[in-house]
$ cat coords-v2.pdb   # PDB, C-alpha atoms, pLDDT in the B column
ATOM      1  CA  THR A   1     -11.389  -7.911   1.226  1.00 95.00           C
ATOM      2  CA  PRO A   2      -9.830  -6.836   4.515  1.00 95.00           C
ATOM      3  CA  GLU A   3      -8.587  -9.223   7.156  1.00 91.00           C
ATOM      4  CA  GLY A   4     -11.508 -10.622   9.141  1.00 89.00           C
ATOM      5  CA  TYR A   5     -14.055 -10.033   6.362  1.00 94.00           C
ATOM      6  CA  ALA A   6     -15.083 -13.703   6.196  1.00 94.00           C
ATOM      7  CA  SER A   7     -15.321 -14.230   9.972  1.00 93.00           C
ATOM      8  CA  ASP A   8     -17.408 -11.140  10.792  1.00 91.00           C
ATOM      9  CA  THR A   9     -20.386 -11.527   8.485  1.00 93.00           C
ATOM     10  CA  THR A  10     -22.205  -8.433   9.738  1.00 94.00           C
ATOM     11  CA  ARG A  11     -19.518  -5.780   9.426  1.00 95.00           C
ATOM     12  CA  ARG A  12     -19.552  -3.433   6.426  1.00 97.00           C
ATOM     13  CA  PHE A  13     -16.516  -1.701   4.945  1.00 97.00           C
ATOM     14  CA  PRO A  14     -15.616   1.398   2.936  1.00 97.00           C
ATOM     15  CA  VAL A  15     -14.449   0.861  -0.644  1.00 98.00           C
ATOM     16  CA  LEU A  16     -11.175   2.014  -2.171  1.00 97.00           C
ATOM     17  CA  VAL A  17     -11.039   1.930  -5.973  1.00 98.00           C
ATOM     18  CA  LEU A  18      -7.427   1.723  -7.193  1.00 97.00           C
ATOM     19  CA  LEU A  19      -6.658   2.400 -10.832  1.00 97.00           C
ATOM     20  CA  ASP A  20      -3.824   0.698 -12.754  1.00 94.00           C
ATOM     21  CA  ALA A  21      -4.313  -2.614 -10.941  1.00 95.00           C
ATOM     22  CA  ASN A  22      -2.589  -4.470 -13.745  1.00 92.00           C
ATOM     23  CA  ASP A  23       0.703  -2.990 -12.501  1.00 91.00           C
ATOM     24  CA  ALA A  24       1.038  -6.016 -10.227  1.00 92.00           C
ATOM     25  CA  GLN A  25       3.985  -4.818  -8.129  1.00 93.00           C
ATOM     26  CA  GLN A  26       2.438  -1.435  -7.481  1.00 90.00           C
ATOM     27  CA  PHE A  27      -0.976  -2.930  -6.743  1.00 94.00           C
ATOM     28  CA  ARG A  28       0.439  -5.534  -4.325  1.00 95.00           C
ATOM     29  CA  ALA A  29       2.455  -2.808  -2.571  1.00 95.00           C
ATOM     30  CA  ALA A  30      -0.641  -0.627  -2.195  1.00 93.00           C
ATOM     31  CA  VAL A  31      -2.691  -3.521  -0.805  1.00 95.00           C
ATOM     32  CA  ALA A  32       0.117  -4.424   1.612  1.00 96.00           C
ATOM     33  CA  ASN A  33       0.472  -0.814   2.792  1.00 95.00           C
ATOM     34  CA  ILE A  34      -3.259  -0.475   3.364  1.00 95.00           C
ATOM     35  CA  ALA A  35      -3.373  -3.788   5.269  1.00 94.00           C
ATOM     36  CA  PHE A  36      -0.411  -2.709   7.387  1.00 96.00           C
ATOM     37  CA  LEU A  37      -1.965   0.670   8.208  1.00 95.00           C
ATOM     38  CA  ALA A  38      -5.310  -0.959   9.002  1.00 94.00           C
ATOM     39  CA  SER A  39      -3.602  -3.453  11.339  1.00 94.00           C
ATOM     40  CA  ARG A  40      -2.170  -0.472  13.259  1.00 95.00           C
ATOM     41  CA  ASP A  41      -5.488   1.452  13.239  1.00 93.00           C
ATOM     42  CA  GLY A  42      -3.921   4.056  10.941  1.00 93.00           C
ATOM     43  CA  VAL A  43      -6.747   3.671   8.432  1.00 93.00           C
ATOM     44  CA  ALA A  44     -10.046   1.855   8.452  1.00 93.00           C
ATOM     45  CA  PRO A  45     -10.038  -1.616   6.900  1.00 96.00           C
ATOM     46  CA  VAL A  46     -11.366  -1.304   3.348  1.00 97.00           C
ATOM     47  CA  ILE A  47     -12.517  -3.400   0.449  1.00 97.00           C
ATOM     48  CA  ILE A  48     -10.033  -2.708  -2.331  1.00 97.00           C
ATOM     49  CA  VAL A  49     -11.293  -2.785  -5.897  1.00 98.00           C
ATOM     50  CA  GLY A  50      -8.464  -2.899  -8.409  1.00 97.00           C
ATOM     51  CA  ILE A  51      -9.313  -1.610 -11.869  1.00 96.00           C
ATOM     52  CA  PRO A  52      -6.855  -2.846 -14.511  1.00 93.00           C
ATOM     53  CA  ASN A  53      -6.184  -0.851 -17.648  1.00 88.00           C
ATOM     54  CA  GLY A  54      -7.883  -1.716 -20.875  1.00 84.00           C
ATOM     55  CA  LYS A  55      -5.995  -2.026 -24.143  1.00 91.00           C
ATOM     56  CA  ASP A  56      -5.364   1.737 -24.234  1.00 95.00           C
ATOM     57  CA  ARG A  57      -4.661   3.353 -20.859  1.00 95.00           C
ATOM     58  CA  THR A  58      -4.245   6.785 -22.431  1.00 95.00           C
ATOM     59  CA  HIS A  59      -7.698   6.558 -24.000  1.00 96.00           C
ATOM     60  CA  ASP A  60      -9.376   5.369 -20.806  1.00 96.00           C
ATOM     61  CA  MET A  61      -7.816   7.877 -18.430  1.00 96.00           C
ATOM     62  CA  THR A  62      -7.849  11.097 -20.437  1.00 96.00           C
ATOM     63  CA  PRO A  63     -10.466  13.660 -21.366  1.00 95.00           C
ATOM     64  CA  VAL A  64     -10.769  14.804 -24.965  1.00 94.00           C
ATOM     65  CA  ALA A  65      -7.401  16.144 -26.085  1.00 94.00           C
ATOM     66  CA  THR A  66      -6.811  19.618 -27.468  1.00 92.00           C
ATOM     67  CA  GLY A  67      -3.723  21.450 -28.681  1.00 88.00           C
ATOM     68  CA  ALA A  68      -0.438  19.564 -28.413  1.00 87.00           C
ATOM     69  CA  ALA A  69      -2.098  16.718 -26.502  1.00 90.00           C
ATOM     70  CA  ALA A  70      -4.365  15.991 -29.494  1.00 92.00           C
ATOM     71  CA  LYS A  71      -1.332  15.625 -31.739  1.00 93.00           C
ATOM     72  CA  ASN A  72       0.741  13.608 -29.242  1.00 93.00           C
ATOM     73  CA  PHE A  73      -2.098  11.399 -27.930  1.00 95.00           C
ATOM     74  CA  PRO A  74      -4.412  10.616 -30.838  1.00 94.00           C
ATOM     75  CA  THR A  75      -6.365   7.933 -28.943  1.00 95.00           C
ATOM     76  CA  ALA A  76      -7.182  10.178 -25.973  1.00 96.00           C
ATOM     77  CA  GLY A  77     -10.660  11.061 -24.860  1.00 95.00           C
ATOM     78  CA  GLY A  78     -12.275   8.082 -23.135  1.00 96.00           C
ATOM     79  CA  ALA A  79     -12.399   9.403 -19.557  1.00 96.00           C
ATOM     80  CA  ALA A  80     -16.160  10.011 -19.578  1.00 96.00           C
ATOM     81  CA  ASP A  81     -16.892   6.452 -20.732  1.00 97.00           C
ATOM     82  CA  PHE A  82     -14.386   4.959 -18.286  1.00 97.00           C
ATOM     83  CA  ALA A  83     -15.926   6.971 -15.433  1.00 97.00           C
ATOM     84  CA  ALA A  84     -19.369   5.701 -16.431  1.00 97.00           C
ATOM     85  CA  PHE A  85     -18.076   2.116 -16.463  1.00 97.00           C
ATOM     86  CA  ILE A  86     -16.651   2.437 -12.943  1.00 97.00           C
ATOM     87  CA  THR A  87     -19.557   4.329 -11.395  1.00 97.00           C
ATOM     88  CA  ASP A  88     -22.448   2.694 -13.250  1.00 97.00           C
ATOM     89  CA  GLU A  89     -21.209  -0.894 -13.580  1.00 97.00           C
ATOM     90  CA  VAL A  90     -18.281  -1.706 -11.274  1.00 98.00           C
ATOM     91  CA  LEU A  91     -19.494   0.006  -8.099  1.00 98.00           C
ATOM     92  CA  PRO A  92     -23.063  -1.375  -8.281  1.00 98.00           C
ATOM     93  CA  HIS A  93     -21.569  -4.856  -8.796  1.00 98.00           C
ATOM     94  CA  VAL A  94     -19.279  -4.443  -5.778  1.00 98.00           C
ATOM     95  CA  ARG A  95     -22.119  -3.110  -3.624  1.00 97.00           C
ATOM     96  CA  ALA A  96     -24.376  -6.023  -4.644  1.00 98.00           C
ATOM     97  CA  ASN A  97     -21.767  -8.683  -3.886  1.00 97.00           C
ATOM     98  CA  TYR A  98     -19.838  -7.363  -0.884  1.00 98.00           C
ATOM     99  CA  ARG A  99     -20.726  -5.810   2.445  1.00 98.00           C
ATOM    100  CA  THR A 100     -19.925  -2.176   1.758  1.00 98.00           C
ATOM    101  CA  LEU A 101     -20.455   1.144   3.431  1.00 97.00           C
ATOM    102  CA  PRO A 102     -21.400   4.155   1.309  1.00 95.00           C
ATOM    103  CA  MET A 103     -17.883   5.625   1.812  1.00 95.00           C
ATOM    104  CA  THR A 104     -15.997   5.167  -1.466  1.00 97.00           C
ATOM    105  CA  VAL A 105     -12.620   6.629  -2.459  1.00 97.00           C
ATOM    106  CA  LEU A 106     -10.992   6.720  -5.899  1.00 98.00           C
ATOM    107  CA  ALA A 107      -7.184   6.714  -6.209  1.00 97.00           C
ATOM    108  CA  GLY A 108      -4.965   7.041  -9.259  1.00 95.00           C
ATOM    109  CA  HIS A 109      -1.549   8.283 -10.324  1.00 93.00           C
ATOM    110  CA  SER A 110      -0.301  10.214 -13.363  1.00 91.00           C
ATOM    111  CA  PHE A 111      -3.054   9.895 -15.993  1.00 94.00           C
ATOM    112  CA  GLY A 112      -4.980   8.032 -13.270  1.00 95.00           C
ATOM    113  CA  GLY A 113      -4.585  11.033 -10.954  1.00 94.00           C
ATOM    114  CA  MET A 114      -5.916  13.321 -13.657  1.00 95.00           C
ATOM    115  CA  PHE A 115      -8.750  10.851 -14.247  1.00 96.00           C
ATOM    116  CA  ALA A 116      -9.580  10.941 -10.523  1.00 96.00           C
ATOM    117  CA  LEU A 117      -9.804  14.745 -10.698  1.00 95.00           C
ATOM    118  CA  HIS A 118     -11.945  14.426 -13.832  1.00 95.00           C
ATOM    119  CA  VAL A 119     -14.356  12.177 -11.938  1.00 96.00           C
ATOM    120  CA  ALA A 120     -14.408  14.542  -8.925  1.00 94.00           C
ATOM    121  CA  ALA A 121     -15.326  17.416 -11.247  1.00 93.00           C
ATOM    122  CA  THR A 122     -17.778  15.631 -13.544  1.00 93.00           C
ATOM    123  CA  ARG A 123     -19.365  13.049 -11.209  1.00 94.00           C
ATOM    124  CA  PRO A 124     -19.045  14.720  -7.819  1.00 92.00           C
ATOM    125  CA  SER A 125     -21.460  12.410  -6.000  1.00 91.00           C
ATOM    126  CA  ALA A 126     -19.755   9.210  -7.179  1.00 94.00           C
ATOM    127  CA  PHE A 127     -16.950   9.222  -4.574  1.00 96.00           C
ATOM    128  CA  HIS A 128     -16.611  10.622  -1.077  1.00 94.00           C
ATOM    129  CA  GLY A 129     -12.935  11.186  -1.635  1.00 95.00           C
ATOM    130  CA  VAL A 130     -10.340  11.334  -4.368  1.00 96.00           C
ATOM    131  CA  ILE A 131      -6.603  10.696  -4.162  1.00 95.00           C
ATOM    132  CA  ALA A 132      -4.765  12.177  -7.147  1.00 94.00           C
ATOM    133  CA  MET A 133      -1.110  11.155  -7.049  1.00 92.00           C
ATOM    134  CA  SER A 134       1.120  13.089  -9.425  1.00 90.00           C
ATOM    135  CA  PRO A 135      -1.841  13.980 -11.658  1.00 92.00           C
ATOM    136  CA  SER A 136      -1.010  14.939 -15.251  1.00 91.00           C
ATOM    137  CA  LEU A 137      -2.040  18.560 -14.796  1.00 88.00           C
ATOM    138  CA  TRP A 138      -0.089  19.560 -17.885  1.00 87.00           C
ATOM    139  CA  TRP A 139      -2.778  17.892 -20.032  1.00 90.00           C
ATOM    140  CA  ASN A 140      -4.332  20.182 -22.653  1.00 91.00           C
ATOM    141  CA  ASP A 141      -1.870  22.935 -21.717  1.00 87.00           C
ATOM    142  CA  THR A 142      -3.289  22.886 -18.131  1.00 87.00           C
ATOM    143  CA  THR A 143      -6.788  23.881 -19.284  1.00 88.00           C
ATOM    144  CA  SER A 144      -8.235  20.632 -17.920  1.00 85.00           C
ATOM    145  CA  ALA A 145      -6.664  21.271 -14.507  1.00 86.00           C
ATOM    146  CA  VAL A 146      -8.134  24.768 -14.385  1.00 88.00           C
ATOM    147  CA  ALA A 147     -11.554  23.484 -15.488  1.00 90.00           C
ATOM    148  CA  TYR A 148     -11.486  20.731 -12.851  1.00 90.00           C
ATOM    149  CA  ALA A 149     -10.486  23.188 -10.114  1.00 89.00           C
ATOM    150  CA  ASP A 150     -13.273  25.572 -11.129  1.00 91.00           C
ATOM    151  CA  SER A 151     -15.867  22.778 -11.249  1.00 91.00           C
ATOM    152  CA  ILE A 152     -14.840  21.370  -7.882  1.00 89.00           C
ATOM    153  CA  ALA A 153     -14.796  24.834  -6.279  1.00 89.00           C
ATOM    154  CA  ARG A 154     -18.418  25.419  -7.395  1.00 90.00           C
ATOM    155  CA  LEU A 155     -19.729  22.204  -5.856  1.00 88.00           C
ATOM    156  CA  PRO A 156     -22.242  22.674  -3.047  1.00 87.00           C
ATOM    157  CA  ARG A 157     -20.297  20.179  -0.942  1.00 84.00           C
ATOM    158  CA  MET A 158     -16.537  20.050  -1.270  1.00 78.00           C
ATOM    159  CA  PRO A 159     -15.300  16.468  -1.738  1.00 80.00           C
ATOM    160  CA  ARG A 160     -12.310  15.183   0.179  1.00 91.00           C
ATOM    161  CA  LEU A 161      -9.424  15.652  -2.174  1.00 92.00           C
ATOM    162  CA  PHE A 162      -5.798  14.707  -1.649  1.00 90.00           C
ATOM    163  CA  ALA A 163      -3.279  15.556  -4.351  1.00 88.00           C
ATOM    164  CA  THR A 164       0.436  14.832  -4.314  1.00 88.00           C
ATOM    165  CA  SER A 165       3.341  15.645  -6.567  1.00 84.00           C
ATOM    166  CA  GLY A 166       6.514  13.641  -6.963  1.00 77.00           C
ATOM    167  CA  ALA A 167       9.909  14.639  -8.274  1.00 71.00           C
ATOM    168  CA  LEU A 168       9.348  13.469 -11.847  1.00 67.00           C
ATOM    169  CA  GLU A 169       6.780  16.082 -12.859  1.00 65.00           C
ATOM    170  CA  PRO A 170       6.274  19.824 -12.518  1.00 64.00           C
ATOM    171  CA  PRO A 171       5.143  20.934  -9.060  1.00 63.00           C
ATOM    172  CA  ILE A 172       1.385  21.207  -8.598  1.00 62.00           C
ATOM    173  CA  ALA A 173       1.479  24.081  -6.108  1.00 57.00           C
ATOM    174  CA  VAL A 174       1.772  27.504  -7.712  1.00 48.00           C
TER     175      VAL A 174
END
$ encode --input "coords-v2.pdb" --output "structure tokens"
Amino acid sequence: TPEGYASDTTRRFPVLVLLDANDAQQFRAAVANIAFLASRDGVAPVIIVGIPNGKDRTHDMTPVATGAAAKNFPTAGGAADFAAFITDEVLPHVRANYRTLPMTVLAGHSFGGMFALHVAATRPSAFHGVIAMSPSLWWNDTTSAVAYADSIARLPRMPRLFATSGALEPPIAV
């Protein structure tokens, strides 16, 4: 919970769902950066929900694999179930136990970034915004990326979407 959550019992907060929360150093850094920005009024204070990986991150974060991905990632394909878990179980639990606003953002990197795009395309009303950091757009020979882009473009209301690309993967702007 953000600073001041316990002392102001009437205030409600947006929710940020961060994937890969079991990466303790990365998760602590993200929480610290968000707290710092909120203390400087750079972002609104938020309730941060960290989602750790299950036993098989590749399974949880990826859509059904085709082509080379099917051969290289035989356990892939659990993204739909993982999305259902987050949207149908985790978020209702958070909303029932914390003072939340409807504004909810999903953030993930690599397979988590691709998963965030998957959720934006397949469950467009689940999150008000998506942050896809270095998403694995190469998945399924880029067919998933194209399908997600097409699905998102056809939505009646365009979600807030922020995508980044680092130096360790192919560029995402073509």
$ resolve_selection --input "coords-v2.pdb" --expression "the PyMOL selection byres ((chain A and resi 138-155) around 10)" --output "number ranges by chain"
A: 62-70, 111, 114, 117-122, 124-125, 135-137, 156-159, 161, 169-170, 172
$ residues_near_point --input "coords-v2.pdb" --point "(-18.5, 6.5, 1.4)" --cutoff "7 Å" --atoms "all atoms listed in the file" --output "MDAnalysis selection string"
chainID A and resid 14 101:104 127:128
$ residues_near_point --input "coords-v2.pdb" --point "(-21.7, -0.4, -4.7)" --cutoff "12 Å" --atoms "all atoms listed in the file" --output "PyMOL selection string"
chain A and resi 12-17+47+49+86-105+126-127
$ atom_distance --input "coords-v2.pdb" --atom1 "atom CA of A:Ala35" --atom2 "atom CA of A:Pro2"
7.2 Å
$ atom_distance --input "coords-v2.pdb" --atom1 "atom CA of A:Tyr5" --atom2 "atom CA of A:Gln25"
23.7 Å
$ closest_residue --input "coords-v2.pdb" --among "A:Ala107, A:Met61, A:Ala167, A:Ala44" --to "A:Ala30" --atoms "all atoms listed in the file"
A:Ala107
$ atom_distance --input "coords-v2.pdb" --atom1 "atom CA of A:Asn22" --atom2 "atom CA of A:Val43"
24.0 Å
$ residues_around --input "coords-v2.pdb" --residues "stretch 162-165 of chain A" --least-positions-apart "6" --cutoff "6 Å" --atoms "only C-alpha atoms" --output "mmCIF file with C-alpha atoms, in the frame of the given file"
data_model
loop_
_atom_site.group_PDB
_atom_site.id
_atom_site.type_symbol
_atom_site.label_atom_id
_atom_site.label_comp_id
_atom_site.auth_asym_id
_atom_site.auth_seq_id
_atom_site.Cartn_x
_atom_site.Cartn_y
_atom_site.Cartn_z
ATOM 1 C CA ILE A 131 -6.603 10.696 -4.162
ATOM 2 C CA ALA A 132 -4.765 12.177 -7.147
ATOM 3 C CA MET A 133 -1.110 11.155 -7.049
ATOM 4 C CA SER A 134 1.120 13.089 -9.425
#
$ closest_residue --input "coords-v2.pdb" --among "A:Gly4, A:Asp60, A:Asp20, A:Ile34" --to "A:Phe85" --atoms "all atoms listed in the file"
A:Asp60
$ residues_around --input "coords-v2.pdb" --residues "A:Leu19" --least-positions-apart "3" --cutoff "7 Å" --atoms "all atoms listed in the file" --output "PyMOL selection string"
chain A and resi 50-52+107-108+112
